[in-house]
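Structure record follows, encoded as structure tokens.
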Amino acid sequence: MINRSQGSEVRGQKSWGANRERRARWLLVCGCFLVIACFLMRSAFGLLQATAQKPVVEARNKEGWREAEAGYRYEFPRDHAAHEDYGIEWWYYTGNLQAPDGRRFGYQLTFFRVGVTRQPQNPSRWAVRDLYMTHFAISDVERRQFHSFDRINRAGVGWAGAAADAYRVWNEDWSARLDGRDHVLSASNADYNIDLRLTPAKPEVIHGENGISQKGPSVGNASHYYSLTRLDTAGRVTVGGQSFEVTGLSWLDHEFGTSFLEEEETGWDWFSIQLGDGRELMLFQLRRRDGQIDPRSSGTLVDREGRATHIGFGEFTLTPGDVWRSPASGAEYPTAWAIDLPRFQLRLATRAAFADQELRTTESTGVTYWEGSMEVNGTADGKAVSGRGYLEMTGYAGQNMGAILH
């Protein structure tokens, strides 16, 4: 005979045993999941590192990735979408926004597609053809605070991707897409997010000459490169959980090619400027290992009606000014620049909205660079002019961008 108390004890022992078995099974499942997750993360990280090595880039060329060639004919909206035949592609949004109370924000949202294997032998949908990286940042100008986030994914079961038949790029819940003519952006990380609608005020601008932006003397070290230089922007920005209605101007750069830089080109300084007189200016200079500026450095000046004029090397000078040293990376960035374009009677002084706008992309590319909002003042035809823009500086943190994008 078993009394009630003994029966309760036996039932408790059986229940405890069953729970122990369930716990054991649950721990086994969790353990397997963690192993698989770690394996996938390590594989993705390893593949990303591989894309930064010359042998893999050479293999990419041998696999038949298409190179940027002179004579390319752009067509829109077709060319907003992905170009799957090319090994490297990015969509680069930046903008300066303002709330009704005058509080200012800058933002960056960039989607990268890096080709790994053009035709994977493994038929599985998990096979890696491309890696997708995304960088998202908000500059809180009033508080001089910079918030940045990044992520990396393979396409997998729709985790990330870039459509080729219509413009839509995404990385989990971060996305950019077309809605009619408007570009719709969305990105969120905890208490920081953007939901923006961008309406083109001018048509697309083609950079470079004869359909390509040449980045080096070697054939193929170039990109197809165009911009939307003035995008009227409205929407919401959330910073630290506080949401703001905002308006302002944005800029889109879209580039695609396979081999962008020469190995001796260690980094670049890139400027996108929207002037109060209705014009826009893009300039970049490529810095070489020997300390010289590569003669493929160039730019574009866009007039009030949207007509573009190519600016060649020797037609502009960029002179660095104040330097900020990053306490995190030790890199020293010139956050003030003087720009002189004698042919256009344009002299500008740019200054970062605040110094610490350095991105350290620990989750995705592993590249550290400076990308931030800046203010612009100067003269145009002898008259005062002002504006805002964005500045990007790479190669200052000891990473050779030429080796990565060669």
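A note on labels: chains of the structure tokens are A, B, ... as shown, every chain counts residues from 1, and ligands are counted from 1 in their shown order.
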message: Residues within 7 Å of A:Leu341, please, as a count of residues only. Count only C-alpha atoms; anything in the same chain fewer than 3 positions from it doesn't count.
response: 7
- request: Please provide the set of residues having any atom within 9 Å of stretch 107-109 of chain A, restricted to only C-alpha atoms, with same-chain residues fewer than 2 positions apart removed, written as a PyMOL selection string.
  value: chain A and resi 91-97+105+111+134-140+148+174+176+185-187+194+250+371-373
Can I get the selection written as an mmCIF file, in the first residue's frame, with C-alpha atoms?
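Output contents, as saved in out_38.cif:
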data_model
loop_
_atom_site.group_PDB
_atom_site.id
_atom_site.type_symbol
_atom_site.label_atom_id
_atom_site.label_comp_id
_atom_site.auth_asym_id
_atom_site.auth_seq_id
_atom_site.Cartn_x
_atom_site.Cartn_y
_atom_site.Cartn_z
ATOM 1 C CA TRP A 91 23.358 52.027 -52.647
ATOM 2 C CA TYR A 92 24.435 54.934 -50.439
ATOM 3 C CA TYR A 93 21.927 57.300 -48.822
ATOM 4 C CA THR A 94 22.969 60.298 -46.724
ATOM 5 C CA GLY A 95 21.023 63.340 -45.619
ATOM 6 C CA ASN A 96 20.656 66.362 -43.383
ATOM 7 C CA LEU A 97 17.302 66.718 -41.647
ATOM 8 C CA PHE A 105 20.078 65.276 -37.578
ATOM 9 C CA PHE A 111 23.417 48.662 -48.598
ATOM 10 C CA THR A 134 24.333 47.343 -44.313
ATOM 11 C CA HIS A 135 25.523 50.379 -42.361
ATOM 12 C CA PHE A 136 23.040 52.614 -40.541
ATOM 13 C CA ALA A 137 23.943 55.763 -38.588
ATOM 14 C CA ILE A 138 22.263 58.801 -37.062
ATOM 15 C CA SER A 139 24.127 61.991 -36.161
ATOM 16 C CA ASP A 140 22.402 63.968 -33.392
ATOM 17 C CA SER A 148 25.896 53.623 -35.719
ATOM 18 C CA TRP A 174 16.229 47.480 -43.006
ATOM 19 C CA ALA A 176 15.114 50.817 -49.419
ATOM 20 C CA LEU A 185 13.803 54.081 -46.444
ATOM 21 C CA SER A 186 13.329 52.185 -43.206
ATOM 22 C CA ALA A 187 15.839 51.091 -40.575
ATOM 23 C CA ILE A 194 14.396 56.236 -39.556
ATOM 24 C CA SER A 250 19.094 63.595 -49.016
ATOM 25 C CA GLU A 371 31.191 59.402 -42.405
ATOM 26 C CA GLY A 372 29.279 62.397 -41.193
ATOM 27 C CA SER A 373 27.269 65.551 -41.587
#
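For stretch 158-162 of chain A, the set of protein, DNA and RNA residues having any atom at most 8 Å away, when counting only C-alpha atoms and skipping those fewer than 2 positions along the same chain, is Ala81, Ala82, Arg113, Tyr132, Asn153, Arg154, Ala155, Gly156, Ala164, Tyr167, Arg168, Val169, Trp170, Asn171 and Glu172 of chain A.
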Using only C-alpha atoms, which protein or nucleic acid residues come within 6 Å of A:Ser297? Drop anything in the same chain fewer than 6 positions from it, and give the result as a short mmCIF file (atom, residue, chain, number, x, y, z; two decimals) with N, CA and C atoms, in the first residue's frame.
data_model
loop_
_atom_site.label_atom_id
_atom_site.label_comp_id
_atom_site.auth_asym_id
_atom_site.auth_seq_id
_atom_site.Cartn_x
_atom_site.Cartn_y
_atom_site.Cartn_z
N PHE A 284 35.76 63.66 -55.21
CA PHE A 284 36.52 62.66 -54.45
C PHE A 284 37.97 62.70 -54.88
N GLN A 285 38.83 62.44 -53.92
CA GLN A 285 40.25 62.28 -54.23
C GLN A 285 40.72 60.95 -53.67
N LEU A 286 41.54 60.26 -54.47
CA LEU A 286 42.10 58.97 -54.10
C LEU A 286 43.52 59.17 -53.61
N PHE A 313 40.78 66.01 -62.75
CA PHE A 313 41.91 66.23 -61.86
C PHE A 313 42.67 67.47 -62.32
#
query: Which neighbours of A:Tyr369 fall inside 12 Å, counting only C-alpha atoms, when residues of the same chain fewer than 2 positions from it are skipped, and could you give them as a PyMOL selection string?
result: chain A and resi 135+148+267-270+326+328-333+356-362+365-367+371-372+391-401
With C-alpha atoms kept, could you save the residues just selected as an mmCIF file, in the first residue's frame?
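The resulting file, again21.cif, is shown below:
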data_model
loop_
_atom_site.group_PDB
_atom_site.id
_atom_site.type_symbol
_atom_site.label_atom_id
_atom_site.label_comp_id
_atom_site.auth_asym_id
_atom_site.auth_seq_id
_atom_site.Cartn_x
_atom_site.Cartn_y
_atom_site.Cartn_z
ATOM 1 C CA HIS A 135 25.523 50.379 -42.361
ATOM 2 C CA SER A 148 25.896 53.623 -35.719
ATOM 3 C CA GLY A 267 41.807 55.421 -49.258
ATOM 4 C CA TRP A 268 39.686 58.332 -50.389
ATOM 5 C CA ASP A 269 38.040 61.575 -49.306
ATOM 6 C CA TRP A 270 34.528 62.017 -50.761
ATOM 7 C CA SER A 326 39.610 59.124 -32.623
ATOM 8 C CA ALA A 328 38.618 54.466 -30.196
ATOM 9 C CA SER A 329 40.733 53.707 -33.296
ATOM 10 C CA GLY A 330 43.587 56.198 -32.983
ATOM 11 C CA ALA A 331 42.913 57.360 -36.564
ATOM 12 C CA GLU A 332 43.429 61.046 -37.321
ATOM 13 C CA TYR A 333 40.801 62.582 -39.606
ATOM 14 C CA ASP A 356 33.112 62.134 -33.608
ATOM 15 C CA GLN A 357 31.246 60.562 -36.535
ATOM 16 C CA GLU A 358 33.458 57.499 -36.953
ATOM 17 C CA LEU A 359 31.910 54.145 -37.917
ATOM 18 C CA ARG A 360 33.540 50.988 -36.587
ATOM 19 C CA THR A 361 31.743 48.200 -38.438
ATOM 20 C CA THR A 362 32.496 45.305 -36.124
ATOM 21 C CA THR A 365 32.870 44.671 -43.057
ATOM 22 C CA GLY A 366 35.329 45.207 -40.206
ATOM 23 C CA VAL A 367 36.296 48.524 -41.830
ATOM 24 C CA GLU A 371 31.191 59.402 -42.405
ATOM 25 C CA GLY A 372 29.279 62.397 -41.193
ATOM 26 C CA LEU A 391 31.934 63.756 -45.952
ATOM 27 C CA GLU A 392 33.406 60.263 -46.111
ATOM 28 C CA MET A 393 37.052 59.489 -45.289
ATOM 29 C CA THR A 394 38.520 55.988 -45.581
ATOM 30 C CA GLY A 395 41.969 54.514 -45.119
ATOM 31 C CA TYR A 396 42.904 56.572 -42.058
ATOM 32 C CA ALA A 397 42.578 53.692 -39.575
ATOM 33 C CA GLY A 398 45.374 51.554 -41.041
ATOM 34 C CA GLN A 399 43.231 49.653 -43.586
ATOM 35 C CA ASN A 400 44.260 49.643 -47.229
ATOM 36 C CA MET A 401 41.089 50.193 -49.214
#
Can you tell me, as a compact mmCIF listing (two decimals) with N, CA and C atoms, in the first residue's frame, what residues are no more than 6 Å from stretch 235-243 of chain A when counting only C-alpha atoms, ignoring any on the same chain fewer than 6 positions away?
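Contents of around-v6.txt, freshly written:
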# COMPACT_ATOMS: atom_id res chain seq x y z
N ASP A 191 16.26 51.80 -29.92
CA ASP A 191 15.63 53.11 -29.78
C ASP A 191 16.05 54.10 -30.87
N TYR A 192 16.60 53.59 -31.97
CA TYR A 192 17.06 54.46 -33.05
C TYR A 192 16.49 53.97 -34.37
N ASN A 193 15.78 54.83 -35.06
CA ASN A 193 15.25 54.40 -36.36
C ASN A 193 14.97 55.58 -37.27
N ILE A 194 14.81 55.26 -38.56
CA ILE A 194 14.40 56.24 -39.56
C ILE A 194 13.27 55.62 -40.39
N ASP A 195 12.30 56.44 -40.73
CA ASP A 195 11.26 56.10 -41.70
C ASP A 195 11.10 57.34 -42.57
N LEU A 196 11.62 57.27 -43.79
CA LEU A 196 11.75 58.47 -44.62
C LEU A 196 11.23 58.22 -46.03
Which residues of stretch 222-297 of chain A come within 8 Å of stretch 63-72 of chain A, and for each one, what is the closest pair of atoms and their distance in Å to one decimal, counting only C-alpha atoms, sorted by chain and residue number, as CSV?
residue,atom,partner,partner_atom,distance
A:Ala222,CA,A:Ala68,CA,5.8
A:Ser223,CA,A:Ala68,CA,5.3
A:His224,CA,A:Ala68,CA,6.1
A:Phe256,CA,A:Ala68,CA,7.6
A:Gly257,CA,A:Ala68,CA,5.0
A:Thr258,CA,A:Glu67,CA,5.3
A:Ser259,CA,A:Glu67,CA,7.1
- prompt: Between atom CA of A:Glu245 and atom CA of A:Pro100, what is the distance, to one decimal in Å?
  reply: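 So the answer is 7.3 Å.
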task: Give me every strand (DSSP E) residue in stretch 188-399 of chain A, going by DSSP on the backbone, as a PyMOL selection string.
output: chain A and resi 188-189+192-200+205-206+213-214+222-239+242-257+265-275+280-288+298-302+308-311+317-320+323-325+332-334+336-341+346-352+358-360+368-380+383-393
